[in-house]
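Peer 1: The file below is entry29.json, JSON, C-alpha atoms:
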```
[["chain", "number", "residue", "atom", "x", "y", "z"],
["A", 10, "MET", "CA", 30.98, -37.62, 21.27],
["A", 11, "LYS", "CA", 27.87, -39.26, 19.73],
["A", 12, "LEU", "CA", 25.72, -37.59, 22.34],
["A", 13, "LEU", "CA", 27.23, -34.20, 21.50],
["A", 14, "LYS", "CA", 26.49, -34.71, 17.78],
["A", 15, "LYS", "CA", 22.88, -35.68, 18.55],
["A", 16, "VAL", "CA", 22.42, -32.63, 20.75],
["A", 17, "LEU", "CA", 23.86, -30.36, 18.05],
["A", 18, "VAL", "CA", 21.56, -31.87, 15.42],
["A", 19, "ILE", "CA", 18.56, -31.43, 17.70],
["A", 20, "LEU", "CA", 19.50, -27.79, 18.37],
["A", 21, "ILE", "CA", 20.41, -26.84, 14.81],
["A", 22, "LEU", "CA", 17.67, -28.68, 12.88],
["A", 23, "PRO", "CA", 14.83, -26.38, 13.98],
["A", 24, "LEU", "CA", 16.78, -23.36, 12.73],
["A", 25, "PHE", "CA", 16.67, -24.73, 9.18],
["A", 26, "ALA", "CA", 12.92, -25.17, 9.35],
["A", 27, "PHE", "CA", 12.44, -21.38, 9.50],
["A", 28, "THR", "CA", 14.85, -20.33, 6.78],
["A", 29, "ALA", "CA", 12.33, -20.51, 3.94],
["A", 30, "VAL", "CA", 11.17, -17.06, 2.89],
["A", 31, "HIS", "CA", 7.47, -16.53, 3.44],
["A", 32, "LYS", "CA", 6.25, -13.96, 0.92],
["A", 33, "PHE", "CA", 3.07, -12.08, 1.63],
["A", 34, "TYR", "CA", 1.43, -9.33, -0.38],
["A", 35, "LEU", "CA", 0.21, -6.41, 1.70],
["A", 36, "SER", "CA", -0.17, -2.67, 1.54],
["A", 37, "VAL", "CA", -1.31, -0.35, 4.31],
["A", 38, "THR", "CA", -3.11, 2.91, 3.58],
["A", 39, "ASN", "CA", -3.97, 5.53, 6.21],
["A", 40, "ILE", "CA", -6.57, 8.22, 5.50],
["A", 41, "GLU", "CA", -6.88, 11.20, 7.85],
["A", 42, "TYR", "CA", -8.43, 14.65, 7.64],
["A", 43, "SER", "CA", -6.31, 17.76, 8.20],
["A", 44, "ASP", "CA", -8.32, 20.65, 9.64],
["A", 45, "LYS", "CA", -5.41, 22.97, 8.96],
["A", 46, "ASP", "CA", -5.25, 22.12, 5.25],
["A", 47, "GLY", "CA", -8.92, 21.24, 4.71],
["A", 48, "ALA", "CA", -7.76, 18.09, 2.97],
["A", 49, "LEU", "CA", -7.72, 14.33, 3.21],
["A", 50, "GLN", "CA", -4.15, 13.22, 3.70],
["A", 51, "ILE", "CA", -3.35, 9.70, 2.58],
["A", 52, "THR", "CA", -0.24, 7.60, 3.01],
["A", 53, "SER", "CA", 0.05, 4.25, 1.32],
["A", 54, "ARG", "CA", 2.85, 1.81, 2.09],
["A", 55, "VAL", "CA", 3.73, -0.87, -0.47],
["A", 56, "PHE", "CA", 6.66, -3.24, -0.73],
["A", 57, "LEU", "CA", 9.34, -1.79, -3.01],
["A", 58, "ASP", "CA", 10.03, -5.00, -4.89],
["A", 59, "ASP", "CA", 6.32, -5.56, -5.56],
["A", 60, "ILE", "CA", 5.66, -2.05, -6.87],
["A", 61, "SER", "CA", 8.83, -2.20, -9.00],
["A", 62, "MET", "CA", 7.70, -5.51, -10.44],
["A", 63, "VAL", "CA", 4.24, -4.21, -11.31],
["A", 64, "LEU", "CA", 5.69, -1.10, -13.00],
["A", 65, "GLU", "CA", 7.94, -3.31, -15.12],
["A", 66, "GLU", "CA", 5.10, -5.72, -15.93],
["A", 67, "ARG", "CA", 2.55, -3.01, -16.72],
["A", 68, "TYR", "CA", 4.67, -0.32, -18.38],
["A", 69, "GLY", "CA", 7.82, -2.16, -19.43],
["A", 70, "ILE", "CA", 10.15, 0.03, -17.36],
["A", 71, "LYS", "CA", 12.95, -1.25, -15.17],
["A", 72, "SER", "CA", 12.29, 0.88, -12.09],
["A", 73, "GLU", "CA", 15.07, 2.12, -9.86],
["A", 74, "LEU", "CA", 12.76, 2.69, -6.88],
["A", 75, "VAL", "CA", 14.49, -0.10, -4.93],
["A", 76, "GLU", "CA", 17.87, 1.62, -5.28],
["A", 77, "ASN", "CA", 16.37, 4.88, -3.93],
["A", 78, "ASN", "CA", 17.35, 6.88, -6.98],
["A", 79, "ALA", "CA", 14.01, 7.00, -8.72],
["A", 80, "SER", "CA", 14.07, 8.75, -12.05],
["A", 81, "ASP", "CA", 11.44, 11.21, -13.22],
["A", 82, "LEU", "CA", 10.15, 8.40, -15.42],
["A", 83, "ASP", "CA", 9.75, 6.14, -12.36],
["A", 84, "LYS", "CA", 7.84, 8.88, -10.56],
["A", 85, "MET", "CA", 5.62, 9.53, -13.56],
["A", 86, "TYR", "CA", 4.70, 5.84, -13.97],
["A", 87, "LEU", "CA", 4.19, 5.39, -10.22],
["A", 88, "GLU", "CA", 1.69, 8.26, -10.20],
["A", 89, "LYS", "CA", 0.04, 6.92, -13.37],
["A", 90, "TYR", "CA", -0.30, 3.49, -11.76],
["A", 91, "PHE", "CA", -1.86, 4.89, -8.58],
["A", 92, "LYS", "CA", -4.28, 7.02, -10.60],
["A", 93, "THR", "CA", -5.57, 3.86, -12.30],
["A", 94, "LYS", "CA", -5.64, 1.66, -9.18],
["A", 95, "PHE", "CA", -6.56, 3.93, -6.27],
["A", 96, "GLU", "CA", -9.81, 5.88, -6.20],
["A", 97, "ILE", "CA", -11.51, 7.89, -3.49],
["A", 98, "SER", "CA", -15.11, 9.08, -3.63],
["A", 99, "LEU", "CA", -16.80, 11.72, -1.49],
["A", 100, "ASN", "CA", -20.59, 11.50, -1.22],
["A", 101, "GLY", "CA", -20.59, 9.09, -4.16],
["A", 102, "LYS", "CA", -18.54, 11.32, -6.49],
["A", 103, "ILE", "CA", -14.98, 10.43, -7.50],
["A", 104, "ALA", "CA", -12.61, 12.99, -6.01],
["A", 105, "ASP", "CA", -9.56, 14.41, -7.74],
["A", 106, "TYR", "CA", -6.40, 13.92, -5.79],
["A", 107, "THR", "CA", -2.79, 14.96, -5.99],
["A", 108, "PHE", "CA", -0.06, 12.36, -5.90],
["A", 109, "LEU", "CA", 2.49, 14.32, -3.87],
["A", 110, "GLY", "CA", 5.37, 11.86, -4.17],
["A", 111, "SER", "CA", 6.99, 8.95, -2.43],
["A", 112, "GLN", "CA", 9.96, 8.00, -0.33],
["A", 113, "LYS", "CA", 11.77, 4.80, 0.48],
["A", 114, "GLU", "CA", 11.62, 3.43, 4.04],
["A", 115, "GLU", "CA", 13.66, 0.24, 4.35],
["A", 116, "ASP", "CA", 11.90, -2.28, 2.06],
["A", 117, "MET", "CA", 8.75, -0.17, 1.71],
["A", 118, "LEU", "CA", 7.76, 2.70, -0.52],
["A", 119, "VAL", "CA", 5.59, 5.30, 1.20],
["A", 120, "CYS", "CA", 3.36, 7.19, -1.21],
["A", 121, "TYR", "CA", 1.78, 10.51, -0.27],
["A", 122, "ILE", "CA", -1.61, 11.53, -1.67],
["A", 123, "GLU", "CA", -3.84, 14.49, -0.88],
["A", 124, "VAL", "CA", -7.47, 15.24, -1.66],
["A", 125, "PRO", "CA", -7.66, 19.06, -1.38],
["A", 126, "ASN", "CA", -10.64, 21.29, -0.66],
["A", 127, "VAL", "CA", -12.60, 18.86, 1.48],
["A", 128, "ASN", "CA", -15.31, 20.37, 3.66],
["A", 129, "LEU", "CA", -15.64, 17.53, 6.18],
["A", 130, "PRO", "CA", -18.95, 18.69, 7.74],
["A", 131, "GLN", "CA", -20.59, 18.31, 4.32],
["A", 132, "ILE", "CA", -19.27, 14.79, 3.79],
["A", 133, "GLN", "CA", -21.75, 11.98, 4.41],
["A", 134, "SER", "CA", -19.64, 9.14, 3.03],
["A", 135, "ILE", "CA", -16.10, 8.44, 1.93],
["A", 136, "GLN", "CA", -15.39, 5.40, -0.19],
["A", 137, "VAL", "CA", -11.99, 4.06, -1.17],
["A", 138, "GLN", "CA", -11.33, 1.60, -3.94],
["A", 139, "ASN", "CA", -7.85, 0.13, -3.72],
["A", 140, "ASP", "CA", -6.69, -2.21, -6.48],
["A", 141, "VAL", "CA", -2.99, -1.51, -5.98],
["A", 142, "LEU", "CA", -0.96, -4.61, -6.87],
["A", 143, "THR", "CA", -4.03, -6.86, -7.23],
["A", 144, "ASP", "CA", -3.46, -7.02, -10.98],
["A", 145, "LEU", "CA", -0.15, -8.81, -10.43],
["A", 146, "PHE", "CA", -0.68, -10.64, -7.13],
["A", 147, "ASP", "CA", -3.94, -12.53, -6.55],
["A", 148, "GLU", "CA", -3.10, -12.81, -2.82],
["A", 149, "GLN", "CA", -2.66, -9.03, -2.43],
["A", 150, "GLN", "CA", -4.40, -7.52, 0.60],
["A", 151, "ASN", "CA", -4.78, -3.74, 0.87],
["A", 152, "VAL", "CA", -5.46, -2.66, 4.42],
["A", 153, "VAL", "CA", -7.16, 0.75, 4.68],
["A", 154, "HIS", "CA", -7.44, 2.67, 7.96],
["A", 155, "PHE", "CA", -9.85, 5.63, 8.12],
["A", 156, "LYS", "CA", -9.39, 8.08, 10.98],
["A", 157, "LEU", "CA", -11.84, 10.90, 10.40],
["A", 158, "ASN", "CA", -14.02, 13.11, 12.54],
["A", 159, "GLY", "CA", -13.46, 10.95, 15.60],
["A", 160, "LYS", "CA", -14.37, 7.78, 13.71],
["A", 161, "LYS", "CA", -11.96, 4.94, 13.11],
["A", 162, "LYS", "CA", -12.63, 2.14, 10.71],
["A", 163, "SER", "CA", -10.42, -0.37, 8.96],
["A", 164, "PHE", "CA", -10.92, -2.61, 5.96],
["A", 165, "ILE", "CA", -8.99, -5.40, 4.33],
["A", 166, "LEU", "CA", -9.55, -5.04, 0.61],
["A", 167, "ILE", "CA", -8.82, -7.86, -1.82],
["A", 168, "LYS", "CA", -9.20, -8.34, -5.55],
["A", 169, "GLU", "CA", -12.78, -9.61, -5.22],
["A", 170, "ASN", "CA", -13.79, -7.03, -2.60],
["A", 171, "ASN", "CA", -11.85, -3.87, -3.39],
["A", 172, "LYS", "CA", -14.02, -1.12, -1.82],
["A", 173, "GLY", "CA", -14.49, 0.16, 1.70],
["A", 174, "MET", "CA", -16.82, 2.92, 2.90],
["A", 175, "LEU", "CA", -17.03, 5.16, 5.93],
["A", 176, "ASN", "CA", -20.43, 6.74, 6.55],
["A", 177, "PHE", "CA", -20.98, 9.74, 8.81]]
```
As structure tokens, what does this structure read like?
Peer 2:
Amino acid sequence: MKLLKKVLVILILPLFAFTAVHKFYLSVTNIEYSDKDGALQITSRVFLDDISMVLEERYGIKSELVENNASDLDKMYLEKYFKTKFEISLNGKIADYTFLGSQKEEDMLVCYIEVPNVNLPQIQSIQVQNDVLTDLFDEQQNVVHFKLNGKKKSFILIKENNKGMLNF
């Protein structure tokens, strides 16, 4: 009986060692060019709880993004937040973009952005500045993947180094 108890303790104890939640702060942004639309198409994935927390902290709204019934107010503040924290420049000039919307995927929020009227052959450089969530989380890492004109390049952007550039 004592041997059985020791064996159970030895088998169960390691399970408790991995029950602590490890929180990490990460977003992933993909930037691709659509020949059909003549536009840069951007998807950015952020954790729902993190983006909800930053909207509450920054704008004082209790977001319902996590519950998947985002109000028009949630959508407006989400777009406003991205417009202040995400910037894309073409040939050194800040480009206007359209925040198309977002959708919930499990514990992530996928945001859709488009930079219209891009003539890719005339582009010599594309720079992205991504400060999403870095104002609330010092450990935030924003991974950016460029896939343009046969070139692939990835960056890990942090608060102190928030820009990445792809040159053609």
Peer 1: Please provide the set of residues having any atom within 9 Å of range 107-122 of chain A, restricted to only C-alpha atoms, with same-chain residues fewer than 4 positions apart removed, written as a list in words.
Peer 2: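 Result of the neighbour search: Leu49, Gln50, Ile51, Thr52, Ser53, Arg54, Val55, Phe56, Leu57, Asp58, Ile60, Leu74, Val75, Glu76, Asn77, Lys84, Leu87, Glu88, Phe91 and Lys92 of chain A.
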Peer 1: So, with only C-alpha atoms as the atoms that count, which of A:Leu64, A:Val152, A:Met85, A:Ala48 lies closest to Asn171 in chain A?
Peer 2: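 For Asn171 in chain A, the nearest of the given residues is A:Val152.
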Peer 1: Which residues are near Lys71 in chain A? Cut-off 12 Å, only C-alpha atoms, ignore same chain within fewer than 2 positions. Put them as a list of chain:residue names.
Peer 2: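 My reading of the contact set: A:Asp58, A:Ile60, A:Ser61, A:Met62, A:Val63, A:Leu64, A:Glu65, A:Glu66, A:Arg67, A:Tyr68, A:Gly69, A:Glu73, A:Leu74, A:Val75, A:Glu76, A:Ala79, A:Ser80, A:Leu82, A:Asp83, A:Tyr86.
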Peer 1: In Å, with one decimal, what is the gap from CA of Val124 in chain A to CA of Leu35 in chain A?
Peer 2: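 Distance reported for this atom pair: 23.2 Å.
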Peer 1: What separation in Å, quoted to one decimal, exists between CA of Leu99 in chain A and CA of Leu129 in chain A?
Peer 2: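 Taking CA of Leu99 in chain A as the start and CA of Leu129 in chain A as the end point, the length is 9.7 Å.
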Peer 1: When distances are computed from only C-alpha atoms, which of A:Phe146, A:Ser98, A:Asn151, A:Lys45 shows the smallest separation from Lys32 in chain A?
Peer 2: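 That would be A:Phe146, the residue with the smallest distance to Lys32 in chain A.
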Peer 1: Could you tell me which of A:Glu123, A:Asp44, A:Asp105, A:Asp140 comes closest to Val153 in chain A if we count all atoms listed in the file?
Peer 2: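 Ranked by minimum distance to Val153 in chain A, first place goes to A:Asp140.
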Peer 1: Can you pull out every residue within 9 Å of range 158-164 of chain A, counting all atoms listed in the file, but drop anything in the same chain fewer than 3 positions away, and send it as a list of chain:residue names?
Peer 2: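 The neighbour list is A:Glu41, A:Tyr42, A:Leu129, A:Pro130, A:Asn151, A:Val152, A:Val153, A:His154, A:Phe155, A:Lys172, A:Gly173, A:Met174, A:Leu175, A:Phe177.
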Peer 1: Mind giving me the straight-line distance from CA of Asn176 in chain A to CA of Asn139 in chain A in Å, one decimal?
Peer 2: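 Calculated distance between CA of Asn176 in chain A and CA of Asn139 in chain A is 17.5 Å.
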Peer 1: Produce the centre coordinates and the three edge lengths, each in Å to one decimal, of the box along x, y and z that contains all listed atoms of range 113-116 of chain A with 3 Å added on each side, as AutoDock Vina command-line options.
Peer 2:
```
--center_x 12.6 --center_y 1.3 --center_z 2.4 --size_x 8.0 --size_y 13.1 --size_z 9.9
```
Peer 1: Return the single residue from A:Ile132, A:Val127, A:Ile97, A:Ile103 that is closest to Asp46 in chain A, with distances computed using all atoms listed in the file.
Peer 2: A:Val127
